[in-house]
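Notes for the one structure printed next.
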Amino acid sequence: MHSFEDRYKYLKLSGSVGFQTFGFDRYLNQKFYKSLEWKKIRDFVIVRDNGCDLGCIDKPIFGKILIHHMNPITIEDISNNPEDILNPEYLISVSLDTHNAIHYGDESIFNKYLVKDRYSNDTIPWKNK
């Protein structure tokens with residue numbers, strides 16, 4: 001089993017904000033994500049991954065769950081190869097933070113998973129150290 005960090009590094013695209021993927025054909029992308037086929041496979045992937053970030057059981061997602069295409073999709077994929085982009089082998093559950101980190105290389109997501117130094121009464125915020 002690969003760690004969360006290993007899975008992230010494998011999927012990381014290091015894109016940039018504003019990079020045009022669909023441009024004026026964005027309606028195709030939106031139509032695809034509203035289709036019954038997509039909604040069914042999306043639900044399947046969420047259940048398969050137990051609603052966990054990158055499918056890691058120790059990283060439950062408490063907010064909105066996104067489904068990430070491991071192979072970035074194109075206009076041609078939506079138009080000509082819908083079977084490929086609906087294959088659950090190439091889909092994974094992610095949080096919004098993880099999805100943004102994959103696309104834009106923002107590794108600040110790891111900060112929320114860090115364990116800070118523990119001290120006496122640290123679970124009781126109204127008591128001093």
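Just so we're on the same page: first chain in the structure tokens is A, next is B, and so on; residues restart at 1 for each chain, and ligands are numbered from 1 in the order they show up.
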Could you name the residues that touch A:Lys12 at 9 Å or less, counting only C-alpha atoms, but leaving out those on the same chain fewer than 2 positions away, as a ChimeraX atom specification?
/A:7-10,14-15,101-105
Applying 9 Å and only C-alpha atoms, which residues near A:Lys64 remain after dropping the ones on its own chain fewer than 3 positions away? List them as a PyMOL selection string.
chain A and resi 61+94-96
Okay, now the selection with C-alpha atoms, as an mmCIF file, in the first residue's frame?
```
data_model
loop_
_atom_site.group_PDB
_atom_site.id
_atom_site.type_symbol
_atom_site.label_atom_id
_atom_site.label_comp_id
_atom_site.auth_asym_id
_atom_site.auth_seq_id
_atom_site.Cartn_x
_atom_site.Cartn_y
_atom_site.Cartn_z
ATOM 1 C CA ILE A 61 -12.777 13.543 3.702
ATOM 2 C CA VAL A 94 -9.868 13.524 -3.300
ATOM 3 C CA SER A 95 -10.580 16.552 -1.132
ATOM 4 C CA LEU A 96 -10.606 20.008 -2.707
#
```
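Selecting strand (DSSP E) from the backbone DSSP output for stretch 3-92 of chain A yields A:Leu66, A:Ile67, A:His68, A:His69, A:Leu91, A:Ile92.
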Taking 4 positions as the minimum chain separation for residues in the same chain, which residues sit within 8 Å of A:Phe32 when counting only C-alpha atoms? Answer as a list in words.
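So, after excluding close chain neighbours, the residues are Leu28, Trp38 and Ile78 of chain A.
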For the residues in the current selection, export C-alpha atoms as a short mmCIF file (atom, residue, chain, number, x, y, z; two decimals), in the first residue's frame.
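Generated output (part_9.cif):
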```cif
data_model
loop_
_atom_site.label_atom_id
_atom_site.label_comp_id
_atom_site.auth_asym_id
_atom_site.auth_seq_id
_atom_site.Cartn_x
_atom_site.Cartn_y
_atom_site.Cartn_z
CA LEU A 28 -18.58 19.72 -23.09
CA TRP A 38 -20.64 10.14 -14.57
CA ILE A 78 -15.14 13.42 -23.91
#
```
Just give me the gap between atom CA of A:Phe62 and atom CA of A:Ile85 in Å, one decimal is fine.
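Interatomic distance here is 25.7 Å.
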